[in-house]
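So this one's query-v7.cif, mmCIF, C-alpha atoms:
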data_target
#
loop_
_atom_site.label_atom_id
_atom_site.label_comp_id
_atom_site.auth_asym_id
_atom_site.auth_seq_id
_atom_site.Cartn_x
_atom_site.Cartn_y
_atom_site.Cartn_z
CA MET A 978 101.54 90.05 97.57
CA PHE A 979 104.41 92.50 97.66
CA ALA A 980 104.09 93.13 93.91
CA LEU A 981 100.33 93.62 94.22
CA ALA A 982 100.83 96.08 97.08
CA GLY A 983 103.42 97.96 95.02
CA PHE A 984 101.07 98.15 92.05
CA LEU A 985 98.21 99.44 94.23
CA VAL A 986 100.44 102.10 95.79
CA PHE A 987 101.58 103.12 92.30
CA ALA A 988 97.96 103.36 91.11
CA ILE A 989 97.04 105.57 94.07
CA LEU A 990 100.05 107.81 93.44
CA VAL A 991 99.21 108.16 89.75
CA ALA A 992 95.65 109.10 90.68
CA GLN A 993 96.87 111.64 93.23
CA PHE A 994 99.47 113.33 91.01
CA ARG A 995 97.63 112.73 87.71
CA ALA A 996 100.99 111.77 86.19
CA TRP A 997 103.09 108.64 86.15
CA LEU A 998 106.57 110.24 86.53
CA PRO A 999 106.21 111.60 90.10
CA ALA A 1000 104.47 108.37 91.13
CA LEU A 1001 107.29 106.30 89.67
CA LEU A 1002 110.00 108.42 91.31
CA ILE A 1003 108.33 108.18 94.71
CA LEU A 1004 107.85 104.44 94.40
CA LEU A 1005 111.41 103.83 93.16
CA ALA A 1006 112.78 105.53 96.27
CA ALA A 1007 111.44 102.62 98.34
CA PRO A 1008 113.65 99.84 96.91
CA LEU A 1009 116.66 102.16 97.15
CA SER A 1010 115.96 102.56 100.86
CA PHE A 1011 116.02 98.78 101.36
CA GLY A 1012 119.81 99.03 101.14
CA GLY A 1013 119.94 100.96 104.41
CA GLY A 1014 117.84 98.36 106.17
CA LEU A 1015 119.89 95.49 104.79
CA VAL A 1016 123.15 97.14 105.83
CA LEU A 1017 121.93 97.76 109.38
CA LEU A 1018 120.67 94.17 109.68
CA TRP A 1019 124.04 92.92 108.39
CA LEU A 1020 126.01 95.18 110.78
CA THR A 1021 124.03 93.89 113.76
CA GLY A 1022 124.29 90.26 112.63
CA ILE A 1023 120.54 89.74 112.33
CA ASP A 1024 119.20 87.50 109.58
CA LEU A 1025 116.30 88.33 107.30
CA ASN A 1026 113.10 86.90 108.71
CA ILE A 1027 109.36 87.55 108.76
CA SER A 1028 109.77 90.43 111.21
CA SER A 1029 112.37 92.20 109.06
CA ALA A 1030 110.20 91.61 105.96
CA MET A 1031 107.35 93.34 107.78
CA GLY A 1032 109.77 96.19 108.47
CA PHE A 1033 110.50 96.51 104.75
CA ILE A 1034 106.77 96.65 103.99
CA LEU A 1035 106.40 99.37 106.61
CA LEU A 1036 109.38 101.12 105.06
CA VAL A 1037 107.61 101.36 101.69
CA GLY A 1038 104.74 103.24 103.30
CA LEU A 1039 107.02 105.62 105.17
CA THR A 1040 109.12 106.32 102.08
CA VAL A 1041 106.03 106.98 99.98
CA LYS A 1042 104.66 109.33 102.66
CA ASN A 1043 107.83 111.44 102.58
CA GLY A 1044 107.79 111.57 98.79
CA ILE A 1045 104.15 112.62 98.76
CA MET A 1046 104.87 115.43 101.24
CA LEU A 1047 107.66 116.74 99.02
CA LEU A 1048 106.05 116.45 95.60
CA ASP A 1049 102.64 117.63 96.78
CA ALA A 1050 104.25 120.88 97.94
CA PHE A 1051 105.90 121.09 94.52
CA GLU A 1052 102.53 120.64 92.76
CA VAL A 1053 100.98 123.39 94.89
CA ARG A 1054 103.79 125.78 93.95
CA ARG A 1055 103.45 124.85 90.26
CA ALA A 1056 99.70 125.50 90.42
CA ALA A 1057 100.50 128.92 91.88
CA GLY A 1058 102.48 129.69 88.71
CA GLU A 1059 106.09 129.20 89.83
CA PRO A 1060 108.58 127.96 87.27
CA PHE A 1061 109.49 124.26 87.52
CA ALA A 1062 112.97 124.61 89.08
CA ASP A 1063 111.88 127.33 91.51
CA ALA A 1064 108.85 125.32 92.62
CA LEU A 1065 111.01 122.25 93.20
CA ALA A 1066 113.56 124.21 95.26
CA HIS A 1067 110.84 125.97 97.23
CA ALA A 1068 109.07 122.66 97.96
CA GLY A 1069 112.34 121.22 99.23
CA ARG A 1070 112.89 124.13 101.59
CA LEU A 1071 109.26 124.03 102.71
CA ARG A 1072 109.08 120.29 103.40
CA VAL A 1073 112.55 119.48 104.73
CA ARG A 1074 111.54 120.20 108.33
CA PRO A 1075 108.30 118.14 108.37
CA ILE A 1076 110.07 115.24 106.66
CA LEU A 1077 112.96 115.33 109.14
CA MET A 1078 110.62 115.68 112.11
CA THR A 1079 108.39 112.75 111.15
CA THR A 1080 111.45 110.64 110.36
CA GLY A 1081 113.09 111.54 113.66
CA CYS A 1082 109.95 110.70 115.62
CA THR A 1083 109.73 107.32 113.90
CA LEU A 1084 113.41 106.56 114.46
CA PHE A 1085 113.34 107.51 118.14
CA GLY A 1086 110.07 105.63 118.63
CA LEU A 1087 111.67 102.46 117.29
CA LEU A 1088 114.88 102.88 119.27
CA PRO A 1089 113.74 100.85 122.33
CA LEU A 1090 112.82 97.93 120.05
CA ALA A 1091 116.09 98.22 118.14
CA LEU A 1092 118.04 98.11 121.41
CA GLY A 1093 116.04 95.08 122.54
CA LEU A 1094 114.55 96.83 125.57
CA GLY A 1095 111.34 95.52 127.11
CA ALA A 1096 109.47 92.24 127.10
CA GLY A 1097 109.26 90.62 123.68
CA ALA A 1098 111.45 93.26 122.05
CA GLU A 1099 113.84 90.63 120.69
CA LEU A 1100 111.06 89.39 118.39
CA GLN A 1101 110.50 92.84 116.90
CA ARG A 1102 114.14 93.91 116.81
CA PRO A 1103 114.64 92.93 113.13
CA LEU A 1104 111.58 95.01 112.15
CA ALA A 1105 112.90 98.04 114.02
CA LEU A 1106 116.40 97.73 112.58
CA ALA A 1107 115.10 97.33 109.02
CA VAL A 1108 112.94 100.44 109.38
CA ILE A 1109 115.64 102.51 111.10
CA GLY A 1110 118.31 101.70 108.51
CA GLY A 1111 115.96 102.02 105.56
CA LEU A 1112 114.26 105.19 106.72
CA SER A 1113 117.60 106.87 107.38
CA LEU A 1114 118.65 106.21 103.79
CA SER A 1115 115.21 106.90 102.31
CA THR A 1116 115.12 110.36 103.88
CA LEU A 1117 118.29 111.28 102.00
CA VAL A 1118 116.95 109.68 98.82
CA THR A 1119 113.66 111.59 99.12
CA LEU A 1120 115.24 114.95 99.89
CA TYR A 1121 118.08 114.79 97.35
CA LEU A 1122 117.72 112.08 94.73
CA VAL A 1123 113.98 112.38 93.99
CA PRO A 1124 114.10 116.15 93.19
CA VAL A 1125 117.29 115.76 91.15
CA ALA A 1126 115.83 112.86 89.17
CA TYR A 1127 112.54 114.71 88.68
CA ARG A 1128 114.34 117.76 87.33
CA ALA A 1129 116.56 115.64 85.08
CA LEU A 1130 113.68 113.64 83.65
CA ARG A 1131 111.19 116.48 83.26
CA ARG A 1132 112.78 119.64 81.97
CA GLU A 1133 110.67 122.75 81.57
#
Spell out the structure here as structure tokens.
Amino acid sequence: MFALAGFLVFAILVAQFRAWLPALLILLAAPLSFGGGLVLLWLTGIDLNISSAMGFILLVGLTVKNGIMLLDAFEVRRAAGEPFADALAHAGRLRVRPILMTTGCTLFGLLPLALGLGAGAELQRPLALAVIGGLSLSTLVTLYLVPVAYRALRRE
């Protein structure tokens, strides 16, 4: 099911960007972000389970959303006639704040679950930790690695 979901997300991204390279870069940022979730689960001594797996699925959607926000701004700048490198830099400056704000809201919203506060929070703690660790890393990957890889792979 995870592979099918990944393929469907990739198909939607290719349709949106009308190119396979930006879709592939956005989608490849998701598995890279899994490292952050795995490290945070390991540091807290929590095993992988169904709840943490659900967190990783949620993480794919959040990572893809951030990538779409960045590369969509790039495509708008390119359509306006900006050179490739300038459009990429401008998109990064334009979208850094919305990406950081949505990430921060998600992280702070999951903080009570990650701390185990409230009734039933211990069941959802692995989900929250997987998302917090993964989203923290994926934000850096989206803001730095995706534009660098895009520029390296598509020179104009």
Practice item. Could you state which residues are captured by the PyMOL selection byres ((chain A and resi 1038-1043) around 8) in this file, as number ranges by chain? Key: A: 1003-1004, 1006-1007, 1010, 1034-1037, 1044-1047, 1076, 1112, 1115-1116, 1119
Practice item. Could you state which residues are captured by the PyMOL selection byres ((chain A and resi 1030) around 12) in this file, as a PyMOL selection string? Key: chain A and resi 979+1011+1014-1015+1018+1024-1029+1031-1037+1101-1108+1111
Review point. Pick the closest to Gly1069 in chain A from A:Phe1085, A:Phe984, A:Tyr1121, A:Phe994: which is it, counting all atoms listed in the file?
Key: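 Of A:Phe1085, A:Phe984, A:Tyr1121, A:Phe994, the one nearest Gly1069 in chain A is A:Tyr1121, counting all atoms listed in the file.
Counting from CA of Gly1081 in chain A, the distance to CA of Ile1109 in chain A is 9.7 Å.
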Practice item. Would you kindly translate the PyMOL selection byres ((chain A and resi 1126-1128) around 12) into the concrete residues it picks from this file, as a PyMOL selection string? Key: chain A and resi 997-1003+1005-1006+1044+1047-1048+1051+1060-1066+1118-1125+1129-1133
Listed atoms of range 1084-1090 of chain A, axis-aligned box, 3 Å per side: centre and edge lengths to one decimal in Å, as AutoDock Vina command-line options?
--center_x 112.5 --center_y 102.7 --center_z 118.4 --size_x 10.8 --size_y 15.6 --size_z 13.9
Review point. So how many Å separate CA of Leu1009 in chain A and CA of Gly983 in chain A, to one decimal?
Key: 14.1 Å
